file work_20.txt (compact mmCIF, C-alpha atoms)
# COMPACT_ATOMS: atom_id res chain seq x y z
CA MET E 1456 39.90 47.53 101.98
CA ARG E 1457 41.07 50.94 100.89
CA ALA E 1458 43.84 51.02 98.28
CA TRP E 1459 46.60 53.61 98.01
CA PRO E 1460 45.80 57.14 96.70
CA GLU E 1461 44.66 57.68 93.13
CA VAL E 1462 47.31 58.65 90.56
CA TYR E 1463 46.87 61.65 88.29
CA ILE E 1464 47.39 60.71 84.63
CA PRO E 1465 47.83 63.52 82.09
CA ALA E 1466 45.77 63.30 78.92
CA LEU E 1467 47.58 62.35 75.73
CA PRO E 1468 47.05 64.87 72.91
CA SER E 1469 44.36 63.70 70.49
CA ARG E 1470 46.65 63.86 67.46
CA PHE E 1471 48.39 60.68 68.69
CA SER E 1472 46.59 57.50 67.65
CA LEU E 1473 46.96 54.29 69.64
CA PRO E 1474 46.94 50.90 67.88
CA GLN E 1475 45.28 47.92 69.51
CA LEU E 1476 47.26 46.62 72.44
CA ARG E 1477 48.82 43.26 71.62
CA LEU E 1478 49.85 40.99 74.50
CA PHE E 1479 51.30 37.50 74.77
CA ASN E 1480 48.51 35.15 75.86
CA THR E 1481 49.79 32.17 77.83
CA GLU E 1482 46.74 30.12 76.82
CA SER E 1483 47.17 30.56 73.06
CA GLN E 1484 50.96 30.92 73.24
CA LYS E 1485 50.64 33.85 70.82
CA VAL E 1486 50.85 37.63 70.87
CA GLU E 1487 47.24 38.65 70.27
CA PRO E 1488 45.42 41.98 69.99
CA LEU E 1489 42.91 42.85 72.67
CA PRO E 1490 39.62 43.75 71.00
CA ARG E 1491 38.75 47.43 71.13
CA LYS E 1492 36.26 47.98 73.92
CA ASP E 1493 34.80 50.81 75.95
CA ARG E 1494 35.41 48.86 79.17
CA TYR E 1495 38.05 46.32 80.14
CA ARG E 1496 37.98 43.98 83.12
CA ILE E 1497 41.38 43.06 84.58
CA TYR E 1498 42.20 40.93 87.60
CA VAL E 1499 45.72 40.66 89.00
CA CYS E 1500 46.63 38.45 91.94
CA GLY E 1501 47.94 40.39 94.93
CA ILE E 1502 50.44 39.70 97.67
CA THR E 1503 50.36 37.33 100.60
CA PRO E 1504 51.26 39.93 103.23
CA TYR E 1505 53.91 38.30 105.37
CA ASP E 1506 56.92 40.30 104.14
CA ALA E 1507 57.75 43.56 102.38
CA THR E 1508 57.41 44.35 98.67
CA HIS E 1509 60.37 43.00 96.71
CA LEU E 1510 61.41 43.72 93.15
CA GLY E 1511 59.58 40.66 91.84
CA HIS E 1512 56.34 42.15 93.14
CA ALA E 1513 57.25 45.55 91.73
CA ALA E 1514 57.95 44.12 88.27
CA THR E 1515 54.56 42.41 88.16
CA TYR E 1516 52.50 45.36 89.32
CA LEU E 1517 54.46 47.75 87.12
CA THR E 1518 53.58 45.58 84.10
CA PHE E 1519 49.85 45.80 84.71
CA ASP E 1520 50.17 49.48 85.54
CA LEU E 1521 51.52 49.91 82.00
CA VAL E 1522 48.60 47.89 80.62
CA GLN E 1523 46.16 50.12 82.47
CA ARG E 1524 47.90 53.28 81.28
CA TYR E 1525 47.81 52.21 77.65
CA LEU E 1526 44.16 51.16 77.70
CA ARG E 1527 43.14 54.34 79.51
CA ALA E 1528 45.04 56.38 76.93
CA THR E 1529 42.80 54.86 74.25
CA GLY E 1530 39.85 56.41 76.05
CA ALA E 1531 38.59 53.14 77.52
CA HIS E 1532 37.43 52.60 81.09
CA VAL E 1533 39.44 49.99 82.99
CA ASP E 1534 37.94 48.04 85.89
CA PHE E 1535 41.00 46.76 87.71
CA VAL E 1536 40.67 44.48 90.73
CA GLN E 1537 43.44 43.12 92.93
CA ASN E 1538 43.19 40.86 95.94
CA ILE E 1539 45.24 40.38 99.09
CA THR E 1540 45.72 36.81 100.29
CA ASP E 1541 45.47 37.83 103.93
CA ILE E 1542 44.82 34.33 105.22
CA ASP E 1543 47.20 31.62 104.06
CA ASP E 1544 49.67 29.08 105.43
CA PRO E 1545 52.83 31.20 104.89
CA LEU E 1546 51.26 34.12 106.76
CA LEU E 1547 50.24 31.92 109.71
CA GLU E 1548 53.65 30.24 109.75
CA ARG E 1549 55.54 33.55 109.74
CA ALA E 1550 53.33 34.96 112.51
CA ALA E 1551 53.88 31.85 114.63
CA ARG E 1552 57.63 31.96 114.02
CA ASP E 1553 57.85 35.60 115.07
CA GLY E 1554 55.37 35.31 117.92
CA VAL E 1555 53.01 37.96 116.55
CA ASP E 1556 49.31 38.09 115.75
CA TRP E 1557 48.72 37.00 112.15
CA GLN E 1558 46.23 39.78 111.51
CA SER E 1559 48.60 42.45 112.83
CA LEU E 1560 51.40 41.07 110.67
CA ALA E 1561 49.15 41.13 107.59
CA LEU E 1562 47.98 44.70 108.20
CA SER E 1563 51.52 45.99 108.70
CA GLN E 1564 52.74 44.44 105.45
CA ILE E 1565 49.67 45.60 103.52
CA GLU E 1566 50.34 49.18 104.62
CA LEU E 1567 53.98 48.86 103.58
CA PHE E 1568 52.95 47.47 100.20
CA LYS E 1569 50.50 50.30 99.60
CA GLY E 1570 53.22 52.81 100.43
CA ASP E 1571 55.57 51.15 97.94
CA MET E 1572 52.95 51.17 95.20
CA SER E 1573 52.21 54.83 95.85
CA ASP E 1574 55.94 55.67 95.71
CA LEU E 1575 56.23 53.78 92.41
CA HIS E 1576 53.36 55.81 90.93
CA VAL E 1577 51.27 52.69 90.30
CA ILE E 1578 47.58 53.24 89.56
CA PRO E 1579 45.54 51.75 92.42
CA PRO E 1580 42.90 49.10 91.74
CA LYS E 1581 39.24 50.05 91.59
CA ASP E 1582 38.65 47.40 94.24
CA TYR E 1583 41.41 46.20 96.58
CA ILE E 1584 39.97 43.20 98.37
CA GLY E 1585 41.30 41.05 101.18
CA VAL E 1586 40.18 37.44 101.36
CA VAL E 1587 39.06 37.88 104.96
CA GLU E 1588 36.62 40.65 104.04
CA ALA E 1589 35.45 38.62 101.03
CA MET E 1590 34.76 35.44 103.00
CA PRO E 1591 30.96 35.53 102.40
CA LEU E 1592 31.60 35.79 98.64
CA VAL E 1593 33.97 32.84 98.77
CA VAL E 1594 31.43 30.73 100.63
CA GLN E 1595 28.77 31.60 98.04
CA ALA E 1596 31.14 30.62 95.23
CA ILE E 1597 31.80 27.24 96.86
CA GLU E 1598 28.07 26.70 97.26
CA LYS E 1599 27.71 27.14 93.50
CA LEU E 1600 30.43 24.54 92.91
CA VAL E 1601 28.62 22.18 95.27
CA ALA E 1602 25.32 22.76 93.44
CA ALA E 1603 27.05 22.00 90.14
CA GLY E 1604 28.20 18.64 91.49
CA THR E 1605 31.88 19.49 91.14
CA THR E 1606 32.99 18.97 94.76
CA TYR E 1607 33.52 16.07 97.14
CA SER E 1608 34.82 15.56 100.67
CA VAL E 1609 37.98 13.99 101.97
CA ASP E 1610 37.59 13.58 105.71
CA SER E 1611 36.24 17.00 106.73
CA ASP E 1612 37.82 18.96 103.86
CA MET E 1613 36.24 19.78 100.50
CA TYR E 1614 37.84 19.41 97.06
CA PHE E 1615 37.01 20.60 93.55
CA ARG E 1616 37.13 18.15 90.65
CA VAL E 1617 39.45 20.02 88.31
CA ARG E 1618 38.48 17.86 85.34
CA SER E 1619 34.90 19.09 85.64
CA ASP E 1620 36.25 21.82 83.38
CA PRO E 1621 36.77 20.31 79.91
CA ASP E 1622 39.49 22.87 79.23
CA PHE E 1623 41.56 22.05 82.31
CA GLY E 1624 45.24 22.16 81.38
CA ASP E 1625 44.75 24.16 78.20
CA ARG E 1626 45.92 27.44 79.79
CA SER E 1627 49.21 26.16 81.19
CA HIS E 1628 50.05 23.47 78.60
CA TYR E 1629 52.03 21.41 81.11
CA PRO E 1630 52.25 17.59 80.86
CA LEU E 1631 50.68 15.67 83.74
CA ASP E 1632 53.92 14.82 85.50
CA LYS E 1633 55.01 18.46 85.50
CA MET E 1634 51.60 19.57 86.81
CA VAL E 1635 51.84 17.11 89.69
CA THR E 1636 55.37 18.22 90.55
CA ILE E 1637 54.54 21.94 90.46
CA PHE E 1638 51.31 21.38 92.37
CA ALA E 1639 53.26 19.76 95.21
CA GLU E 1640 55.81 22.58 95.21
CA ARG E 1641 53.19 25.35 95.28
CA GLY E 1642 50.87 24.42 98.09
CA GLY E 1643 49.06 21.44 96.59
CA ASP E 1644 48.63 17.96 98.04
CA PRO E 1645 48.75 15.50 95.12
CA GLN E 1646 49.62 12.56 97.38
CA ARG E 1647 46.71 12.92 99.80
CA GLU E 1648 44.79 9.71 100.22
CA GLY E 1649 41.10 9.82 99.39
CA LYS E 1650 41.35 12.28 96.51
CA GLU E 1651 39.71 11.25 93.25
CA ASP E 1652 42.43 12.92 91.19
CA SER E 1653 45.86 13.95 92.44
CA LEU E 1654 45.32 17.44 90.99
CA ASP E 1655 41.93 18.12 92.56
CA ALA E 1656 42.05 21.46 94.38
CA LEU E 1657 41.16 22.20 97.98
CA VAL E 1658 38.27 24.64 98.24
CA TRP E 1659 37.51 24.44 101.97
CA LEU E 1660 39.89 23.40 104.75
CA SER E 1661 38.24 22.44 108.02
CA GLN E 1662 39.59 24.36 110.98
CA ARG E 1663 42.88 23.06 112.34
CA ARG E 1664 44.02 23.45 115.92
CA ASP E 1665 45.32 26.94 116.76
CA GLU E 1666 44.32 28.26 113.33
CA PRO E 1667 41.55 30.75 112.49
CA GLY E 1668 38.28 29.56 111.02
CA TRP E 1669 35.03 30.94 109.63
CA GLU E 1670 31.55 29.50 109.85
CA SER E 1671 30.12 28.06 106.65
CA PRO E 1672 27.63 25.44 105.43
CA PHE E 1673 30.66 23.13 105.06
CA GLY E 1674 31.75 23.50 108.69
CA GLU E 1675 34.12 25.91 110.33
CA GLY E 1676 37.31 26.49 108.41
CA ARG E 1677 38.92 28.57 105.68
CA PRO E 1678 39.04 28.51 101.89
CA GLY E 1679 41.60 27.11 99.53
CA TRP E 1680 43.78 29.48 97.56
CA HIS E 1681 42.28 29.25 94.09
CA ILE E 1682 38.61 29.75 94.95
CA GLU E 1683 39.46 33.03 96.69
CA CYS E 1684 40.60 34.83 93.54
CA CYS E 1685 37.83 33.24 91.51
CA ALA E 1686 35.13 34.52 93.87
CA ILE E 1687 36.58 38.03 94.18
CA ALA E 1688 37.08 38.45 90.42
CA LEU E 1689 33.60 37.28 89.47
CA HIS E 1690 31.92 39.50 92.04
CA TYR E 1691 33.82 42.76 91.70
CA LEU E 1692 34.40 42.73 87.94
CA VAL E 1693 30.71 42.07 87.18
CA PRO E 1694 31.12 40.04 83.98
CA ASP E 1695 28.95 40.76 80.97
CA SER E 1696 26.74 37.69 80.53
CA ASN E 1697 26.66 38.32 76.78
CA ASP E 1698 30.43 37.96 76.51
CA GLU E 1699 32.10 34.60 75.95
CA TYR E 1700 34.66 35.57 78.60
CA ALA E 1701 34.05 36.70 82.18
CA ILE E 1702 37.04 39.08 82.17
CA ASP E 1703 39.57 40.40 79.68
CA ILE E 1704 42.90 39.81 81.43
CA GLN E 1705 44.04 37.55 84.25
CA GLY E 1706 47.50 38.63 85.29
CA GLY E 1707 50.36 37.78 87.62
CA GLY E 1708 53.83 36.31 87.79
CA SER E 1709 54.73 33.26 85.70
CA ASP E 1710 54.85 31.20 88.91
CA LEU E 1711 51.04 31.52 89.01
CA ILE E 1712 50.42 29.88 85.61
CA PHE E 1713 50.02 26.57 87.39
CA PRO E 1714 48.35 25.68 89.60
CA HIS E 1715 46.78 28.99 90.61
CA HIS E 1716 45.54 30.49 87.36
CA GLU E 1717 44.66 27.15 85.81
CA MET E 1718 42.58 26.10 88.79
CA SER E 1719 40.98 29.51 89.38
CA ALA E 1720 39.87 29.54 85.75
CA ALA E 1721 38.46 26.02 86.00
CA GLN E 1722 36.42 26.89 89.08
CA SER E 1723 35.21 30.13 87.51
CA ARG E 1724 34.05 28.21 84.43
CA MET E 1725 31.91 25.96 86.62
CA ILE E 1726 30.46 28.89 88.56
CA SER E 1727 29.66 31.33 85.77
CA GLY E 1728 29.39 29.13 82.69
CA GLN E 1729 31.77 31.52 80.90
CA LYS E 1730 35.38 31.06 79.98
CA PHE E 1731 37.32 32.99 82.59
CA ALA E 1732 39.83 35.27 80.83
CA ARG E 1733 40.25 36.37 77.24
CA SER E 1734 43.99 36.66 77.83
CA TYR E 1735 46.36 35.28 80.47
CA VAL E 1736 49.34 37.60 80.85
CA HIS E 1737 52.33 36.58 82.95
CA THR E 1738 55.48 38.37 83.99
CA GLY E 1739 58.92 36.84 84.25
CA MET E 1740 60.74 36.19 87.50
CA VAL E 1741 63.31 38.54 89.00
CA GLY E 1742 66.37 36.76 90.35
CA LEU E 1743 69.43 37.57 92.41
CA ASN E 1744 72.77 35.79 92.44
CA GLY E 1745 71.62 33.19 89.94
CA GLU E 1746 68.38 32.23 91.69
CA LYS E 1747 64.75 33.36 91.56
CA MET E 1748 64.06 36.11 94.07
CA SER E 1749 61.74 34.64 96.70
CA LYS E 1750 60.88 34.85 100.36
CA SER E 1751 61.71 31.19 100.92
CA LEU E 1752 65.28 31.71 99.67
CA GLY E 1753 65.69 34.98 101.57
CA ASN E 1754 67.38 36.67 98.60
CA LEU E 1755 65.05 39.64 98.33
CA VAL E 1756 65.70 43.21 97.30
CA PHE E 1757 62.99 45.35 98.88
CA VAL E 1758 61.50 48.40 97.22
CA SER E 1759 61.23 50.23 100.54
CA THR E 1760 64.91 49.57 101.28
CA LEU E 1761 66.02 50.96 97.91
CA ILE E 1762 63.94 54.10 98.44
CA LYS E 1763 65.21 54.48 102.01
CA ASP E 1764 68.75 54.27 100.63
CA GLY E 1765 68.05 57.24 98.35
CA VAL E 1766 67.03 55.55 95.10
CA GLU E 1767 64.21 57.51 93.50
CA PRO E 1768 61.14 55.49 92.47
CA SER E 1769 61.39 56.60 88.81
CA ALA E 1770 64.80 54.92 88.65
CA ILE E 1771 63.29 51.67 89.94
CA ARG E 1772 60.61 51.85 87.25
CA TRP E 1773 63.23 52.59 84.58
CA ALA E 1774 65.45 49.70 85.70
CA LEU E 1775 62.57 47.24 85.60
CA MET E 1776 61.32 48.52 82.22
CA ASN E 1777 64.78 48.01 80.78
CA SER E 1778 63.90 44.31 80.42
CA HIS E 1779 60.83 42.90 78.69
CA PHE E 1780 58.12 42.07 81.20
CA ALA E 1781 57.81 38.43 80.10
CA ASN E 1782 61.51 37.65 80.47
CA ASP E 1783 63.24 36.41 83.59
CA VAL E 1784 65.96 38.81 84.70
CA MET E 1785 68.85 38.65 87.13
CA TRP E 1786 69.03 41.75 89.28
CA GLU E 1787 72.36 43.49 89.83
CA HIS E 1788 72.93 46.71 91.72
CA THR E 1789 74.57 48.15 88.61
CA LEU E 1790 71.10 48.13 86.99
CA ILE E 1791 69.75 50.64 89.48
CA GLU E 1792 72.93 52.74 89.30
CA LYS E 1793 72.63 53.00 85.52
CA ALA E 1794 68.90 53.71 85.75
CA SER E 1795 69.50 56.51 88.26
CA ASP E 1796 72.04 58.09 85.92
CA GLU E 1797 69.66 57.89 82.96
CA ILE E 1798 66.76 59.37 84.92
CA SER E 1799 68.99 62.29 85.98
CA ARG E 1800 70.06 62.77 82.38
CA LEU E 1801 66.44 62.67 81.16
CA ARG E 1802 65.34 65.21 83.75
CA LEU E 1803 68.16 67.50 82.67
CA GLN E 1804 67.16 67.28 78.99
CA LEU E 1805 63.51 67.95 79.79
CA ALA E 1806 64.54 71.15 81.60
CA ARG E 1807 66.10 72.62 78.44
CA MET E 1808 64.45 75.47 76.60
CA GLU E 1809 65.22 73.87 73.22
CA VAL E 1810 64.91 70.12 72.69
CA ALA E 1811 64.86 67.66 69.79
CA PRO E 1812 61.51 66.94 68.08
CA THR E 1813 59.24 65.13 70.53
CA ASP E 1814 56.33 63.83 68.42
CA VAL E 1815 58.51 61.12 66.97
CA VAL E 1816 59.62 59.80 70.37
CA ILE E 1817 56.05 59.78 71.70
CA GLU E 1818 54.92 57.89 68.59
CA LYS E 1819 57.72 55.34 69.05
CA MET E 1820 56.79 54.90 72.69
CA ILE E 1821 53.17 54.23 71.74
CA GLU E 1822 54.13 51.81 68.98
CA SER E 1823 56.56 49.95 71.25
CA LEU E 1824 54.06 49.58 74.08
CA SER E 1825 51.34 48.41 71.69
CA ARG E 1826 53.61 45.55 70.65
CA ASN E 1827 53.42 43.39 73.76
CA LEU E 1828 54.68 46.18 76.06
CA ASP E 1829 58.11 46.41 74.46
CA THR E 1830 59.50 48.75 77.10
CA PRO E 1831 63.18 48.23 76.19
CA ARG E 1832 62.40 49.61 72.72
CA ALA E 1833 60.46 52.50 74.25
CA LEU E 1834 63.42 53.39 76.48
CA ASP E 1835 65.76 53.21 73.48
CA ALA E 1836 63.57 55.79 71.72
CA ILE E 1837 63.94 58.08 74.74
CA ARG E 1838 67.72 57.59 74.72
CA ASP E 1839 67.82 58.48 71.02
CA TRP E 1840 65.88 61.67 71.80
CA MET E 1841 68.32 62.56 74.59
CA ASN E 1842 71.25 62.03 72.23
CA ALA E 1843 69.61 64.24 69.60
CA THR E 1844 68.86 66.95 72.17
CA GLU E 1845 72.44 66.92 73.44
CA SER E 1846 73.63 67.19 69.83
CA GLY E 1847 71.67 70.42 69.43
CA ALA E 1848 68.51 69.29 67.62
CA THR E 1849 65.49 71.52 68.21
CA GLY E 1850 61.78 71.73 67.40
CA GLY E 1851 60.30 69.67 70.24
CA ALA E 1852 58.07 70.42 73.22
CA ALA E 1853 59.70 69.24 76.44
CA GLY E 1854 56.55 69.73 78.49
CA GLU E 1855 54.46 67.58 76.18
CA LEU E 1856 57.04 64.80 76.24
CA SER E 1857 57.25 65.00 80.03
CA ARG E 1858 53.50 64.53 80.29
CA ALA E 1859 53.56 61.65 77.80
CA LEU E 1860 56.28 59.92 79.84
CA ASP E 1861 53.97 60.11 82.83
CA THR E 1862 50.86 59.03 80.90
CA LEU E 1863 52.39 56.02 79.18
CA LEU E 1864 55.32 54.92 81.34
CA GLY E 1865 54.46 56.30 84.76
CA LEU E 1866 57.65 58.37 84.88
CA ALA E 1867 56.62 61.44 86.86
CA LEU E 1868 59.62 63.70 86.34

call {"tool": "encode", "arguments": {"input": "work_20.txt", "output": "structure tokens"}}
result
Amino acid sequence: MRAWPEVYIPALPSRFSLPQLRLFNTESQKVEPLPRKDRYRIYVCGITPYDATHLGHAATYLTFDLVQRYLRATGAHVDFVQNITDIDDPLLERAARDGVDWQSLALSQIELFKGDMSDLHVIPPKDYIGVVEAMPLVVQAIEKLVAAGTTYSVDSDMYFRVRSDPDFGDRSHYPLDKMVTIFAERGGDPQREGKEDSLDALVWLSQRRDEPGWESPFGEGRPGWHIECCAIALHYLVPDSNDEYAIDIQGGGSDLIFPHHEMSAAQSRMISGQKFARSYVHTGMVGLNGEKMSKSLGNLVFVSTLIKDGVEPSAIRWALMNSHFANDVMWEHTLIEKASDEISRLRLQLARMEVAPTDVVIEKMIESLSRNLDTPRALDAIRDWMNATESGATGGAAGELSRALDTLLGLAL
């Protein structure tokens, strides 16, 4: 599937050095440096396209846009892959509720999402892959699990033995009772009779009445959630067999830590023989009125609605970067109002003939981002520069700072 248009990224002047990027790794529970490499492999889980892009989505994809921007600025090549879960229970349920074709619903929401990402100046993935188009890859991945002796059948469905992976549970660090509870809440079936372990993951669901299905050696049906991302990542990111890890970063919202990322990693380990990701990076949840922002609660703030109402995309980026990516945040409309004012102020300062010294603010931005994407600190450095400029300080290059804002923070002003 074609992604949204490529984003132009200005080059950062060579006199600026970039430290190693340090990110919080959910598996180790530490902020760790990514090793310096010529090529990085990053996989970020995409949307299930049954509704428009909300601010929770935007916060996640903005985070990994910043990761890409920083790594690219070091001179490295970044292979970035993102999927679309374009066959799943919520999509089928929404289509049935609204009396529309599930494929038409998915395509309409995918197009809306791509428009939102383009408006937000987010770098598109190298490969943007829907599960439907990747079905042959998913079937091949399941065949490898079968060959490894890690699957079994319950009635006509197929399950993966999660404890085939000796490291199962080490990425999420949840106790068993919490894993079972979360698994049930997030699409799992821990109580199903016939399963060997309550946490074993569905890899192939036999076709149900009035639902789509695909032919496979396991019968007609469709895949489970976790094997989809596993298959797409391993195929399109082309892991280096000499590396201990298949990819460098597995990313997504913190609601994916378990079961999705834990189980995808376990299946990948059994398929490739490599540990899946060097680092698991997760973003916090965006809430509204005291609750997590989610489709099930209906308390969503849509990116497209904000833009339609006249909010410029740079202000949305600024508002989201005002909080650290790993923290949960409660959204208030005052956040976007303040961000819009600060973006207008920044644009005004950048239009001046004489501005405060700019090397120091660029260096602070780089340092802040290198430290676990500390965007609040980076924005504070920009505010300090605006204050100095308004106070009459001179000696800076507004054009160079403007380009650096685009390169590092995606603020195209």

call {"tool": "residues_around", "arguments": {"input": "work_20.txt", "residues": "Arg1677 in chain E", "least_positions_apart": "6", "cutoff": "7 Å", "atoms": "all atoms listed in the file", "output": "ChimeraX atom specification"}}
result
/E:1659-1662,1668-1669

call {"tool": "residues_around", "arguments": {"input": "work_20.txt", "residues": "Ala1867 in chain E", "least_positions_apart": "3", "cutoff": "9 Å", "atoms": "all atoms listed in the file", "output": "list in words"}}
result
His1576, Ser1769, Ser1857, Arg1858, Leu1860, Asp1861, Thr1862 and Leu1864 of chain E

call {"tool": "residues_around", "arguments": {"input": "work_20.txt", "residues": "Gln1564 in chain E", "least_positions_apart": "6", "cutoff": "8 Å", "atoms": "all atoms listed in the file", "output": "list of chain:residue names"}}
result
E:Pro1504, E:Tyr1505, E:Asp1506, E:Ala1507

call {"tool": "residues_near_point", "arguments": {"input": "work_20.txt", "point": "(51.3, 19.9, 84.1)", "cutoff": "12 Å", "atoms": "only C-alpha atoms", "output": "CSV table (one decimal) with C-alpha atoms, in the frame of the given file"}}
result
chain,number,residue,atom,x,y,z
E,1623,PHE,CA,41.6,22.0,82.3
E,1624,GLY,CA,45.2,22.2,81.4
E,1625,ASP,CA,44.8,24.2,78.2
E,1626,ARG,CA,45.9,27.4,79.8
E,1627,SER,CA,49.2,26.2,81.2
E,1628,HIS,CA,50.0,23.5,78.6
E,1629,TYR,CA,52.0,21.4,81.1
E,1630,PRO,CA,52.2,17.6,80.9
E,1631,LEU,CA,50.7,15.7,83.7
E,1632,ASP,CA,53.9,14.8,85.5
E,1633,LYS,CA,55.0,18.5,85.5
E,1634,MET,CA,51.6,19.6,86.8
E,1635,VAL,CA,51.8,17.1,89.7
E,1636,THR,CA,55.4,18.2,90.6
E,1637,ILE,CA,54.5,21.9,90.5
E,1638,PHE,CA,51.3,21.4,92.4
E,1639,ALA,CA,53.3,19.8,95.2
E,1653,SER,CA,45.9,14.0,92.4
E,1654,LEU,CA,45.3,17.4,91.0
E,1712,ILE,CA,50.4,29.9,85.6
E,1713,PHE,CA,50.0,26.6,87.4
E,1714,PRO,CA,48.4,25.7,89.6
E,1717,GLU,CA,44.7,27.2,85.8
E,1718,MET,CA,42.6,26.1,88.8

call {"tool": "closest_residue", "arguments": {"input": "work_20.txt", "among": "E:Tyr1700, E:Ala1596, E:His1690, E:Ile1542", "to": "Val1658 in chain E", "atoms": "only C-alpha atoms"}}
result
E:Ala1596

call {"tool": "closest_atom_pairs", "arguments": {"input": "work_20.txt", "of": "range 1601-1690 of chain E", "to": "range 1725-1742 of chain E", "cutoff": "12 Å", "atoms": "all atoms listed in the file", "output": "JSON lines"}}
result
{"residue": "E:Val1601", "atom": "CA", "partner": "E:Ile1726", "partner_atom": "CA", "distance": 9.7}
{"residue": "E:Ala1602", "atom": "CA", "partner": "E:Ile1726", "partner_atom": "CA", "distance": 9.4}
{"residue": "E:Ala1603", "atom": "CA", "partner": "E:Met1725", "partner_atom": "CA", "distance": 7.2}
{"residue": "E:Gly1604", "atom": "CA", "partner": "E:Met1725", "partner_atom": "CA", "distance": 9.5}
{"residue": "E:Thr1605", "atom": "CA", "partner": "E:Met1725", "partner_atom": "CA", "distance": 7.9}
{"residue": "E:Thr1606", "atom": "CA", "partner": "E:Met1725", "partner_atom": "CA", "distance": 10.8}
{"residue": "E:Phe1615", "atom": "CA", "partner": "E:Met1725", "partner_atom": "CA", "distance": 10.1}
{"residue": "E:Arg1616", "atom": "CA", "partner": "E:Met1725", "partner_atom": "CA", "distance": 10.2}
{"residue": "E:Val1617", "atom": "CA", "partner": "E:Met1725", "partner_atom": "CA", "distance": 9.7}
{"residue": "E:Arg1618", "atom": "CA", "partner": "E:Met1725", "partner_atom": "CA", "distance": 10.5}
{"residue": "E:Ser1619", "atom": "CA", "partner": "E:Met1725", "partner_atom": "CA", "distance": 7.6}
{"residue": "E:Asp1620", "atom": "CA", "partner": "E:Met1725", "partner_atom": "CA", "distance": 6.8}
{"residue": "E:Pro1621", "atom": "CA", "partner": "E:Met1725", "partner_atom": "CA", "distance": 10.0}
{"residue": "E:Asp1622", "atom": "CA", "partner": "E:Lys1730", "partner_atom": "CA", "distance": 9.2}
{"residue": "E:Phe1623", "atom": "CA", "partner": "E:Lys1730", "partner_atom": "CA", "distance": 11.2}
{"residue": "E:Asp1625", "atom": "CA", "partner": "E:Tyr1735", "partner_atom": "CA", "distance": 11.5}
{"residue": "E:Arg1626", "atom": "CA", "partner": "E:Tyr1735", "partner_atom": "CA", "distance": 7.9}
{"residue": "E:Ser1627", "atom": "CA", "partner": "E:Tyr1735", "partner_atom": "CA", "distance": 9.6}
{"residue": "E:Ile1682", "atom": "CA", "partner": "E:Ile1726", "partner_atom": "CA", "distance": 10.4}
{"residue": "E:Cys1684", "atom": "CA", "partner": "E:Phe1731", "partner_atom": "CA", "distance": 11.6}
{"residue": "E:Cys1685", "atom": "CA", "partner": "E:Phe1731", "partner_atom": "CA", "distance": 8.9}
{"residue": "E:Ala1686", "atom": "CA", "partner": "E:Ile1726", "partner_atom": "CA", "distance": 9.0}
{"residue": "E:Ala1688", "atom": "CA", "partner": "E:Phe1731", "partner_atom": "CA", "distance": 9.5}
{"residue": "E:Leu1689", "atom": "CA", "partner": "E:Ser1727", "partner_atom": "CA", "distance": 8.0}
{"residue": "E:His1690", "atom": "CA", "partner": "E:Ser1727", "partner_atom": "CA", "distance": 10.5}

call {"tool": "residues_around", "arguments": {"input": "work_20.txt", "residues": "Leu1575 in chain E", "least_positions_apart": "4", "cutoff": "8 Å", "atoms": "all atoms listed in the file", "output": "PDB file with C-alpha atoms, in the frame of the given file"}}
result
ATOM      1  CA  ASP E1571      55.570  51.150  97.940  1.00  0.00           C
ATOM      2  CA  PRO E1768      61.140  55.490  92.470  1.00  0.00           C
ATOM      3  CA  SER E1769      61.390  56.600  88.810  1.00  0.00           C
ATOM      4  CA  ILE E1771      63.290  51.670  89.940  1.00  0.00           C
ATOM      5  CA  ARG E1772      60.610  51.850  87.250  1.00  0.00           C
TER       6      ARG E1772
END

call {"tool": "residues_around", "arguments": {"input": "work_20.txt", "residues": "Gly1585 in chain E", "least_positions_apart": "3", "cutoff": "12 Å", "atoms": "all atoms listed in the file", "output": "JSON, numbers by chain"}}
result
{"E": [1456, 1457, 1458, 1500, 1501, 1502, 1503, 1504, 1536, 1537, 1538, 1539, 1540, 1541, 1542, 1543, 1558, 1561, 1562, 1565, 1582, 1588, 1589, 1590, 1591, 1592, 1593, 1683, 1684, 1686, 1687, 1688]}
